[in-house]
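entry.pdb follows (PDB, C-alpha atoms, pLDDT in the B column):
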```pdb
ATOM      1  CA  MET R   1      38.473 -77.351  19.109  1.00 93.00           C
ATOM      2  CA  LEU R   2      35.679 -75.833  21.174  1.00 98.00           C
ATOM      3  CA  PHE R   3      34.245 -72.288  21.122  1.00 98.00           C
ATOM      4  CA  ASP R   4      32.619 -70.915  24.288  1.00 98.00           C
ATOM      5  CA  THR R   5      30.326 -68.282  22.785  1.00 98.00           C
ATOM      6  CA  HIS R   6      29.277 -66.696  26.090  1.00 98.00           C
ATOM      7  CA  THR R   7      31.395 -66.351  29.219  1.00 98.00           C
ATOM      8  CA  HIS R   8      32.207 -63.820  31.943  1.00 98.00           C
ATOM      9  CA  LEU R   9      35.907 -64.335  32.614  1.00 98.00           C
ATOM     10  CA  ASP R  10      36.138 -60.927  34.276  1.00 98.00           C
ATOM     11  CA  ALA R  11      33.626 -61.861  36.984  1.00 98.00           C
ATOM     12  CA  PRO R  12      34.865 -61.379  40.561  1.00 98.00           C
ATOM     13  CA  GLN R  13      34.469 -65.129  41.144  1.00 98.00           C
ATOM     14  CA  PHE R  14      37.656 -65.556  39.087  1.00 98.00           C
ATOM     15  CA  ASP R  15      39.768 -62.867  40.772  1.00 98.00           C
ATOM     16  CA  GLU R  16      41.877 -65.430  42.663  1.00 98.00           C
ATOM     17  CA  ASP R  17      42.705 -67.737  39.749  1.00 98.00           C
ATOM     18  CA  ARG R  18      41.757 -66.085  36.452  1.00 98.00           C
ATOM     19  CA  GLU R  19      44.937 -66.978  34.548  1.00 98.00           C
ATOM     20  CA  ASP R  20      44.826 -70.584  35.786  1.00 98.00           C
ATOM     21  CA  MET R  21      41.146 -70.823  34.846  1.00 98.00           C
ATOM     22  CA  ILE R  22      41.868 -69.591  31.322  1.00 98.00           C
ATOM     23  CA  GLU R  23      44.726 -72.072  31.037  1.00 98.00           C
ATOM     24  CA  ARG R  24      42.402 -74.899  32.113  1.00 98.00           C
ATOM     25  CA  ALA R  25      40.047 -73.902  29.315  1.00 98.00           C
ATOM     26  CA  LEU R  26      42.826 -74.114  26.760  1.00 98.00           C
ATOM     27  CA  GLN R  27      43.906 -77.500  28.129  1.00 98.00           C
ATOM     28  CA  SER R  28      40.300 -78.719  27.755  1.00 98.00           C
ATOM     29  CA  GLY R  29      40.340 -77.923  24.053  1.00 98.00           C
ATOM     30  CA  VAL R  30      38.690 -74.491  24.086  1.00 98.00           C
ATOM     31  CA  SER R  31      40.333 -72.501  21.313  1.00 98.00           C
ATOM     32  CA  ARG R  32      38.160 -69.369  21.366  1.00 98.00           C
ATOM     33  CA  MET R  33      35.738 -67.604  23.670  1.00 98.00           C
ATOM     34  CA  VAL R  34      33.579 -64.482  23.655  1.00 99.00           C
ATOM     35  CA  ASN R  35      33.524 -62.495  26.888  1.00 99.00           C
ATOM     36  CA  ILE R  36      30.414 -60.446  27.562  1.00 98.00           C
ATOM     37  CA  GLY R  37      30.610 -56.852  28.809  1.00 98.00           C
ATOM     38  CA  PHE R  38      27.158 -55.728  29.915  1.00 98.00           C
ATOM     39  CA  ASN R  39      27.435 -52.528  32.020  1.00 97.00           C
ATOM     40  CA  ARG R  40      29.809 -49.726  33.050  1.00 97.00           C
ATOM     41  CA  GLU R  41      31.974 -52.058  35.111  1.00 97.00           C
ATOM     42  CA  THR R  42      32.249 -55.077  32.834  1.00 98.00           C
ATOM     43  CA  ILE R  43      32.677 -53.451  29.418  1.00 98.00           C
ATOM     44  CA  PRO R  44      36.163 -52.038  30.258  1.00 98.00           C
ATOM     45  CA  SER R  45      37.263 -55.309  31.897  1.00 98.00           C
ATOM     46  CA  THR R  46      35.961 -57.269  28.907  1.00 98.00           C
ATOM     47  CA  MET R  47      37.938 -55.070  26.525  1.00 98.00           C
ATOM     48  CA  LYS R  48      41.069 -55.573  28.624  1.00 98.00           C
ATOM     49  CA  LEU R  49      40.708 -59.355  28.358  1.00 98.00           C
ATOM     50  CA  ALA R  50      40.141 -59.186  24.597  1.00 98.00           C
ATOM     51  CA  GLU R  51      43.229 -57.038  24.162  1.00 98.00           C
ATOM     52  CA  THR R  52      45.344 -59.285  26.396  1.00 98.00           C
ATOM     53  CA  TYR R  53      44.502 -62.678  24.867  1.00 98.00           C
ATOM     54  CA  ASP R  54      44.364 -63.235  21.127  1.00 98.00           C
ATOM     55  CA  PHE R  55      41.779 -66.050  21.524  1.00 98.00           C
ATOM     56  CA  ILE R  56      39.325 -63.979  23.569  1.00 98.00           C
ATOM     57  CA  TYR R  57      36.787 -61.780  21.770  1.00 99.00           C
ATOM     58  CA  ALA R  58      34.331 -59.255  23.188  1.00 99.00           C
ATOM     59  CA  ALA R  59      30.637 -58.466  23.034  1.00 99.00           C
ATOM     60  CA  VAL R  60      29.498 -55.169  24.541  1.00 98.00           C
ATOM     61  CA  GLY R  61      26.002 -54.071  25.479  1.00 98.00           C
ATOM     62  CA  TRP R  62      23.675 -53.189  28.342  1.00 98.00           C
ATOM     63  CA  HIS R  63      22.035 -55.951  30.365  1.00 98.00           C
ATOM     64  CA  PRO R  64      18.265 -55.658  30.990  1.00 98.00           C
ATOM     65  CA  VAL R  65      18.757 -56.078  34.738  1.00 97.00           C
ATOM     66  CA  ASP R  66      20.748 -52.824  34.661  1.00 97.00           C
ATOM     67  CA  ALA R  67      18.434 -51.038  32.206  1.00 98.00           C
ATOM     68  CA  ILE R  68      17.280 -48.552  34.831  1.00 97.00           C
ATOM     69  CA  SER R  69      20.833 -47.175  35.140  1.00 97.00           C
ATOM     70  CA  MET R  70      21.457 -46.649  31.423  1.00 97.00           C
ATOM     71  CA  GLU R  71      21.821 -43.053  30.236  1.00 96.00           C
ATOM     72  CA  GLU R  72      21.687 -41.720  26.688  1.00 92.00           C
ATOM     73  CA  GLN R  73      25.450 -41.223  26.490  1.00 97.00           C
ATOM     74  CA  ASP R  74      25.940 -44.901  27.285  1.00 97.00           C
ATOM     75  CA  ILE R  75      24.658 -45.816  23.824  1.00 97.00           C
ATOM     76  CA  ASP R  76      27.390 -43.680  22.277  1.00 97.00           C
ATOM     77  CA  TRP R  77      29.888 -45.210  24.692  1.00 98.00           C
ATOM     78  CA  ILE R  78      28.926 -48.739  23.627  1.00 98.00           C
ATOM     79  CA  ALA R  79      29.097 -47.686  19.983  1.00 98.00           C
ATOM     80  CA  SER R  80      32.625 -46.361  20.508  1.00 98.00           C
ATOM     81  CA  PHE R  81      33.879 -49.887  21.228  1.00 98.00           C
ATOM     82  CA  CYS R  82      32.180 -51.511  18.266  1.00 97.00           C
ATOM     83  CA  ALA R  83      34.839 -50.459  15.761  1.00 95.00           C
ATOM     84  CA  HIS R  84      37.457 -52.392  17.742  1.00 98.00           C
ATOM     85  CA  GLU R  85      38.674 -55.429  15.832  1.00 97.00           C
ATOM     86  CA  LYS R  86      38.021 -57.751  18.786  1.00 98.00           C
ATOM     87  CA  VAL R  87      34.389 -56.675  19.339  1.00 98.00           C
ATOM     88  CA  VAL R  88      32.188 -59.178  17.503  1.00 98.00           C
ATOM     89  CA  ALA R  89      28.649 -58.464  18.768  1.00 98.00           C
ATOM     90  CA  ILE R  90      26.403 -56.156  20.754  1.00 98.00           C
ATOM     91  CA  GLY R  91      25.182 -57.872  23.893  1.00 97.00           C
ATOM     92  CA  GLU R  92      24.044 -59.186  26.056  1.00 98.00           C
ATOM     93  CA  ILE R  93      20.820 -57.281  25.570  1.00 98.00           C
ATOM     94  CA  GLY R  94      17.181 -58.239  25.968  1.00 98.00           C
ATOM     95  CA  LEU R  95      14.587 -58.718  28.693  1.00 98.00           C
ATOM     96  CA  ASP R  96      14.663 -60.188  32.187  1.00 98.00           C
ATOM     97  CA  TYR R  97      11.354 -60.599  34.012  1.00 97.00           C
ATOM     98  CA  HIS R  98      12.846 -62.788  36.727  1.00 96.00           C
ATOM     99  CA  TRP R  99      14.807 -60.145  38.623  1.00 93.00           C
ATOM    100  CA  ASP R 100      12.672 -57.163  39.578  1.00 83.00           C
ATOM    101  CA  THR R 101      15.365 -54.498  39.184  1.00 93.00           C
ATOM    102  CA  SER R 102      14.301 -52.539  36.094  1.00 96.00           C
ATOM    103  CA  PRO R 103      10.696 -51.717  35.045  1.00 97.00           C
ATOM    104  CA  LYS R 104       9.524 -53.556  31.952  1.00 97.00           C
ATOM    105  CA  ASP R 105       8.940 -50.368  29.953  1.00 98.00           C
ATOM    106  CA  VAL R 106      12.510 -49.243  30.668  1.00 98.00           C
ATOM    107  CA  GLN R 107      13.853 -52.650  29.646  1.00 98.00           C
ATOM    108  CA  HIS R 108      11.870 -52.446  26.404  1.00 98.00           C
ATOM    109  CA  GLN R 109      13.232 -48.988  25.618  1.00 98.00           C
ATOM    110  CA  VAL R 110      16.857 -49.977  26.264  1.00 98.00           C
ATOM    111  CA  PHE R 111      16.423 -53.203  24.274  1.00 98.00           C
ATOM    112  CA  ARG R 112      14.943 -51.388  21.271  1.00 98.00           C
ATOM    113  CA  ARG R 113      17.648 -48.733  21.334  1.00 98.00           C
ATOM    114  CA  GLN R 114      20.400 -51.314  21.231  1.00 98.00           C
ATOM    115  CA  ILE R 115      18.795 -53.289  18.419  1.00 98.00           C
ATOM    116  CA  GLY R 116      18.696 -50.001  16.538  1.00 98.00           C
ATOM    117  CA  LEU R 117      22.390 -49.465  17.232  1.00 98.00           C
ATOM    118  CA  ALA R 118      23.180 -52.958  15.988  1.00 98.00           C
ATOM    119  CA  ARG R 119      21.304 -52.252  12.761  1.00 98.00           C
ATOM    120  CA  GLU R 120      23.133 -48.950  12.340  1.00 98.00           C
ATOM    121  CA  LEU R 121      26.494 -50.700  12.778  1.00 98.00           C
ATOM    122  CA  ASN R 122      25.482 -53.967  11.078  1.00 98.00           C
ATOM    123  CA  MET R 123      26.515 -56.104  14.048  1.00 98.00           C
ATOM    124  CA  PRO R 124      24.915 -59.283  15.426  1.00 98.00           C
ATOM    125  CA  ILE R 125      23.237 -59.167  18.820  1.00 98.00           C
ATOM    126  CA  VAL R 126      23.429 -61.510  21.805  1.00 98.00           C
ATOM    127  CA  ILE R 127      20.009 -61.911  23.416  1.00 98.00           C
ATOM    128  CA  HIS R 128      19.328 -62.402  27.118  1.00 98.00           C
ATOM    129  CA  ASN R 129      15.760 -63.641  27.603  1.00 98.00           C
ATOM    130  CA  ARG R 130      14.594 -64.745  31.017  1.00 97.00           C
ATOM    131  CA  ASP R 131      10.884 -65.399  31.537  1.00 96.00           C
ATOM    132  CA  ALA R 132      10.061 -62.965  28.708  1.00 97.00           C
ATOM    133  CA  HIS R 133       9.730 -65.103  25.591  1.00 97.00           C
ATOM    134  CA  GLU R 134       6.667 -63.435  24.071  1.00 98.00           C
ATOM    135  CA  ASP R 135       7.876 -59.844  24.503  1.00 98.00           C
ATOM    136  CA  THR R 136      11.424 -60.721  23.407  1.00 98.00           C
ATOM    137  CA  VAL R 137      10.237 -62.199  20.103  1.00 98.00           C
ATOM    138  CA  ARG R 138       7.754 -59.362  19.560  1.00 98.00           C
ATOM    139  CA  ILE R 139      10.367 -56.640  20.031  1.00 98.00           C
ATOM    140  CA  LEU R 140      12.894 -58.458  17.849  1.00 98.00           C
ATOM    141  CA  ARG R 141      10.267 -58.534  15.110  1.00 98.00           C
ATOM    142  CA  GLU R 142       9.121 -54.957  15.558  1.00 98.00           C
ATOM    143  CA  GLU R 143      12.694 -53.638  15.526  1.00 98.00           C
ATOM    144  CA  HIS R 144      13.633 -55.701  12.435  1.00 98.00           C
ATOM    145  CA  ALA R 145      16.381 -57.587  14.254  1.00 98.00           C
ATOM    146  CA  SER R 146      16.376 -60.093  11.403  1.00 98.00           C
ATOM    147  CA  GLU R 147      18.498 -57.555   9.488  1.00 98.00           C
ATOM    148  CA  VAL R 148      21.454 -58.397  11.743  1.00 98.00           C
ATOM    149  CA  GLY R 149      20.553 -61.671  13.440  1.00 98.00           C
ATOM    150  CA  GLY R 150      22.551 -62.945  16.351  1.00 98.00           C
ATOM    151  CA  ILE R 151      22.447 -65.458  19.168  1.00 98.00           C
ATOM    152  CA  MET R 152      19.715 -66.542  21.558  1.00 98.00           C
ATOM    153  CA  HIS R 153      21.976 -67.008  24.581  1.00 98.00           C
ATOM    154  CA  SER R 154      21.375 -69.915  26.965  1.00 97.00           C
ATOM    155  CA  PHE R 155      18.092 -70.699  25.252  1.00 98.00           C
ATOM    156  CA  SER R 156      15.320 -71.811  27.616  1.00 95.00           C
ATOM    157  CA  GLY R 157      12.187 -71.412  25.507  1.00 96.00           C
ATOM    158  CA  SER R 158       9.966 -73.817  23.630  1.00 97.00           C
ATOM    159  CA  TRP R 159      10.521 -75.212  20.153  1.00 98.00           C
ATOM    160  CA  GLU R 160       7.810 -72.836  18.902  1.00 98.00           C
ATOM    161  CA  THR R 161       9.802 -69.866  20.262  1.00 98.00           C
ATOM    162  CA  ALA R 162      13.016 -71.293  18.829  1.00 98.00           C
ATOM    163  CA  LYS R 163      11.407 -71.578  15.383  1.00 98.00           C
ATOM    164  CA  MET R 164      10.401 -67.912  15.482  1.00 98.00           C
ATOM    165  CA  CYS R 165      13.961 -66.945  16.387  1.00 98.00           C
ATOM    166  CA  LEU R 166      15.403 -69.188  13.675  1.00 98.00           C
ATOM    167  CA  ASP R 167      13.063 -67.562  11.159  1.00 98.00           C
ATOM    168  CA  MET R 168      14.616 -64.197  12.085  1.00 98.00           C
ATOM    169  CA  GLY R 169      18.095 -65.530  11.359  1.00 98.00           C
ATOM    170  CA  PHE R 170      19.205 -66.233  14.906  1.00 98.00           C
ATOM    171  CA  HIS R 171      21.472 -68.995  16.145  1.00 98.00           C
ATOM    172  CA  ILE R 172      20.397 -70.939  19.241  1.00 98.00           C
ATOM    173  CA  SER R 173      22.968 -71.444  22.010  1.00 98.00           C
ATOM    174  CA  PHE R 174      22.840 -73.975  24.830  1.00 98.00           C
ATOM    175  CA  GLY R 175      24.762 -74.231  28.080  1.00 98.00           C
ATOM    176  CA  GLY R 176      24.942 -76.230  31.288  1.00 98.00           C
ATOM    177  CA  PRO R 177      21.194 -76.905  31.683  1.00 97.00           C
ATOM    178  CA  ILE R 178      21.260 -79.466  28.845  1.00 98.00           C
ATOM    179  CA  THR R 179      23.337 -81.665  31.170  1.00 97.00           C
ATOM    180  CA  PHE R 180      20.656 -81.644  33.901  1.00 97.00           C
ATOM    181  CA  LYS R 181      18.504 -84.772  34.217  1.00 92.00           C
ATOM    182  CA  ASN R 182      15.299 -82.730  34.629  1.00 91.00           C
ATOM    183  CA  ALA R 183      15.949 -80.314  31.744  1.00 92.00           C
ATOM    184  CA  LYS R 184      13.499 -81.907  29.304  1.00 95.00           C
ATOM    185  CA  GLN R 185      12.605 -78.851  27.190  1.00 96.00           C
ATOM    186  CA  PRO R 186      16.137 -77.603  26.365  1.00 97.00           C
ATOM    187  CA  LYS R 187      17.102 -81.111  25.277  1.00 97.00           C
ATOM    188  CA  GLU R 188      14.013 -81.421  23.082  1.00 98.00           C
ATOM    189  CA  VAL R 189      14.740 -78.063  21.442  1.00 98.00           C
ATOM    190  CA  LEU R 190      18.422 -78.855  20.939  1.00 98.00           C
ATOM    191  CA  ALA R 191      17.447 -82.088  19.199  1.00 98.00           C
ATOM    192  CA  GLN R 192      15.542 -80.080  16.561  1.00 98.00           C
ATOM    193  CA  VAL R 193      17.705 -77.000  15.952  1.00 98.00           C
ATOM    194  CA  PRO R 194      19.348 -77.157  12.497  1.00 98.00           C
ATOM    195  CA  LEU R 195      22.993 -78.081  12.965  1.00 98.00           C
ATOM    196  CA  ASP R 196      24.157 -74.977  11.123  1.00 98.00           C
ATOM    197  CA  ARG R 197      22.409 -72.786  13.738  1.00 98.00           C
ATOM    198  CA  LEU R 198      23.621 -74.588  16.860  1.00 98.00           C
ATOM    199  CA  LEU R 199      26.049 -73.027  19.363  1.00 99.00           C
ATOM    200  CA  ILE R 200      27.364 -73.925  22.820  1.00 98.00           C
ATOM    201  CA  GLU R 201      28.399 -71.811  25.801  1.00 98.00           C
ATOM    202  CA  THR R 202      29.025 -71.817  29.541  1.00 98.00           C
ATOM    203  CA  ASP R 203      27.771 -68.435  30.830  1.00 98.00           C
ATOM    204  CA  ALA R 204      30.535 -68.961  33.404  1.00 98.00           C
ATOM    205  CA  PRO R 205      30.585 -68.495  36.353  1.00 98.00           C
ATOM    206  CA  TYR R 206      26.846 -69.312  36.184  1.00 98.00           C
ATOM    207  CA  LEU R 207      24.771 -72.308  34.982  1.00 97.00           C
ATOM    208  CA  THR R 208      27.390 -74.906  35.871  1.00 98.00           C
ATOM    209  CA  PRO R 209      26.879 -78.248  34.101  1.00 98.00           C
ATOM    210  CA  HIS R 210      26.507 -81.620  35.791  1.00 96.00           C
ATOM    211  CA  PRO R 211      28.390 -83.008  37.718  1.00 96.00           C
ATOM    212  CA  TYR R 212      29.559 -79.639  39.101  1.00 96.00           C
ATOM    213  CA  ARG R 213      26.100 -78.092  39.357  1.00 95.00           C
ATOM    214  CA  GLY R 214      25.922 -75.717  42.317  1.00 94.00           C
ATOM    215  CA  LYS R 215      29.611 -74.848  42.106  1.00 97.00           C
ATOM    216  CA  ARG R 216      31.377 -72.119  40.136  1.00 98.00           C
ATOM    217  CA  ASN R 217      31.228 -72.635  36.394  1.00 98.00           C
ATOM    218  CA  GLU R 218      34.234 -72.026  34.157  1.00 98.00           C
ATOM    219  CA  THR R 219      34.933 -72.030  30.438  1.00 98.00           C
ATOM    220  CA  ALA R 220      36.698 -75.411  30.504  1.00 98.00           C
ATOM    221  CA  TYR R 221      33.313 -76.955  31.290  1.00 98.00           C
ATOM    222  CA  VAL R 222      31.991 -76.101  27.830  1.00 98.00           C
ATOM    223  CA  ARG R 223      33.414 -79.495  26.973  1.00 98.00           C
ATOM    224  CA  MET R 224      30.707 -81.102  29.132  1.00 98.00           C
ATOM    225  CA  VAL R 225      28.074 -79.070  27.310  1.00 98.00           C
ATOM    226  CA  ALA R 226      29.523 -80.264  24.003  1.00 98.00           C
ATOM    227  CA  GLU R 227      29.492 -83.886  25.150  1.00 98.00           C
ATOM    228  CA  ALA R 228      25.845 -83.639  26.178  1.00 98.00           C
ATOM    229  CA  ALA R 229      24.882 -81.917  22.915  1.00 98.00           C
ATOM    230  CA  ALA R 230      26.768 -84.522  20.894  1.00 98.00           C
ATOM    231  CA  GLU R 231      24.915 -87.337  22.646  1.00 98.00           C
ATOM    232  CA  ILE R 232      21.536 -85.687  22.038  1.00 98.00           C
ATOM    233  CA  ARG R 233      22.334 -85.217  18.334  1.00 98.00           C
ATOM    234  CA  GLY R 234      23.956 -88.611  17.814  1.00 98.00           C
ATOM    235  CA  LEU R 235      27.323 -87.113  16.917  1.00 98.00           C
ATOM    236  CA  SER R 236      30.854 -87.608  18.145  1.00 98.00           C
ATOM    237  CA  LEU R 237      32.344 -84.921  20.370  1.00 98.00           C
ATOM    238  CA  GLU R 238      34.733 -84.031  17.560  1.00 98.00           C
ATOM    239  CA  GLU R 239      31.899 -83.595  15.053  1.00 98.00           C
ATOM    240  CA  LEU R 240      29.861 -81.463  17.453  1.00 98.00           C
ATOM    241  CA  ALA R 241      32.898 -79.316  18.278  1.00 98.00           C
ATOM    242  CA  GLN R 242      33.715 -78.797  14.597  1.00 98.00           C
ATOM    243  CA  ILE R 243      30.147 -77.854  13.703  1.00 98.00           C
ATOM    244  CA  THR R 244      29.576 -75.424  16.570  1.00 98.00           C
ATOM    245  CA  THR R 245      32.981 -73.783  16.211  1.00 98.00           C
ATOM    246  CA  LYS R 246      32.405 -73.245  12.495  1.00 98.00           C
ATOM    247  CA  ASN R 247      28.984 -71.757  13.262  1.00 98.00           C
ATOM    248  CA  ALA R 248      30.437 -69.399  15.879  1.00 98.00           C
ATOM    249  CA  LEU R 249      33.252 -68.208  13.636  1.00 98.00           C
ATOM    250  CA  GLU R 250      30.783 -67.444  10.862  1.00 98.00           C
ATOM    251  CA  ARG R 251      28.196 -65.825  13.151  1.00 98.00           C
ATOM    252  CA  PHE R 252      30.777 -63.548  14.773  1.00 98.00           C
ATOM    253  CA  GLY R 253      32.621 -62.855  11.511  1.00 98.00           C
ATOM    254  CA  ILE R 254      35.928 -64.216  12.819  1.00 97.00           C
ATOM    255  CA  SER R 255      38.383 -65.380  10.162  1.00 88.00           C
TER     256      SER R 255
END
```
Show the structure stored in the file as structure tokens.
Amino acid sequence: MLFDTHTHLDAPQFDEDREDMIERALQSGVSRMVNIGFNRETIPSTMKLAETYDFIYAAVGWHPVDAISMEEQDIDWIASFCAHEKVVAIGEIGLDYHWDTSPKDVQHQVFRRQIGLARELNMPIVIHNRDAHEDTVRILREEHASEVGGIMHSFSGSWETAKMCLDMGFHISFGGPITFKNAKQPKEVLAQVPLDRLLIETDAPYLTPHPYRGKRNETAYVRMVAEAAAEIRGLSLEELAQITTKNALERFGIS
């Protein structure tokens, strides 16, 4: 059975067929999924999904793109959800230098504050890193993120960056881009990540795998990610699914 470790089932792209989309995921062999709540709008909708479906879990945090809108009370608000039995991580948090919506110094401050919260609560973190590899690794080190570890979501960095993250106790997660013909670096990194640190995801409705690239992604397509990862690692789909699901259950502390 497959585990989609990062999805956005509450996204407006699914408003017309959300229940059918979730059913398609189950029919494709997806047994568990973690939905990501990352701002004032998506944290409540993420919690609603987690409370509605026993196989959906929640991560809650503040996305770097929205860092400029975060207020001090929002940290306490995020913390208030973390005692919920279905909340398994703080995230997605991190840095995004692609979209020019929040100043870098504000992103850094919000990132550091949430790593601190994760350490206070002893919870893993889900890291968003877009075009900010050096600063992401530096802040993780400076804030002692190795004390809690977590997941490098939709990893796009080099093997050297991956090794630094692995050394801090992080798992490395891959999504749709590993199915793209021109995605040389993610495939090379995936080939070297220790199997006990490997995870898969969709980031639905984004990063749709081949052959649906350019269309809406959905959690059922994590199967295509798993097939591509299995081929790269020389494993059967069943072996890859078993390994990555076991890793996800252990990383998120799900029994």
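Nearest residue to R:Glu239, choosing from R:Leu2, R:Glu147, R:Gln27, R:Phe55 and counting only C-alpha atoms: R:Leu2.
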Legend entry - Residues returned when the PyMOL selection byres ((chain R and resi 119) around 10) runs on this file, as a PyMOL selection string: chain R and resi 113-118+120-125+143-149
Inset, instruction - Using the chain letters and numbering of this document, enumerate as a PyMOL selection string the residues selected by the PyMOL selection byres ((chain R and resi 130-134) around 12). - result: chain R and resi 63-65+93-100+104+107-108+127-129+135-141+152-162+164-165
Legend entry - Neighbour list for stretch 205-214 of chain R as a ChimeraX atom specification, cut-off 7 Å, all atoms listed in the file, skip fewer than 4 positions in-chain: /R:8,176-177,179-180,218,224-225
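Relative to atom CA of R:Lys163, atom CA of R:Ala58 is found at 27.2 Å.
Comparing R:Glu19, R:Asp105, R:Glu92, R:Glu142 by their smallest distance to R:Thr52, the closest is R:Glu19 (using all atoms listed in the file).
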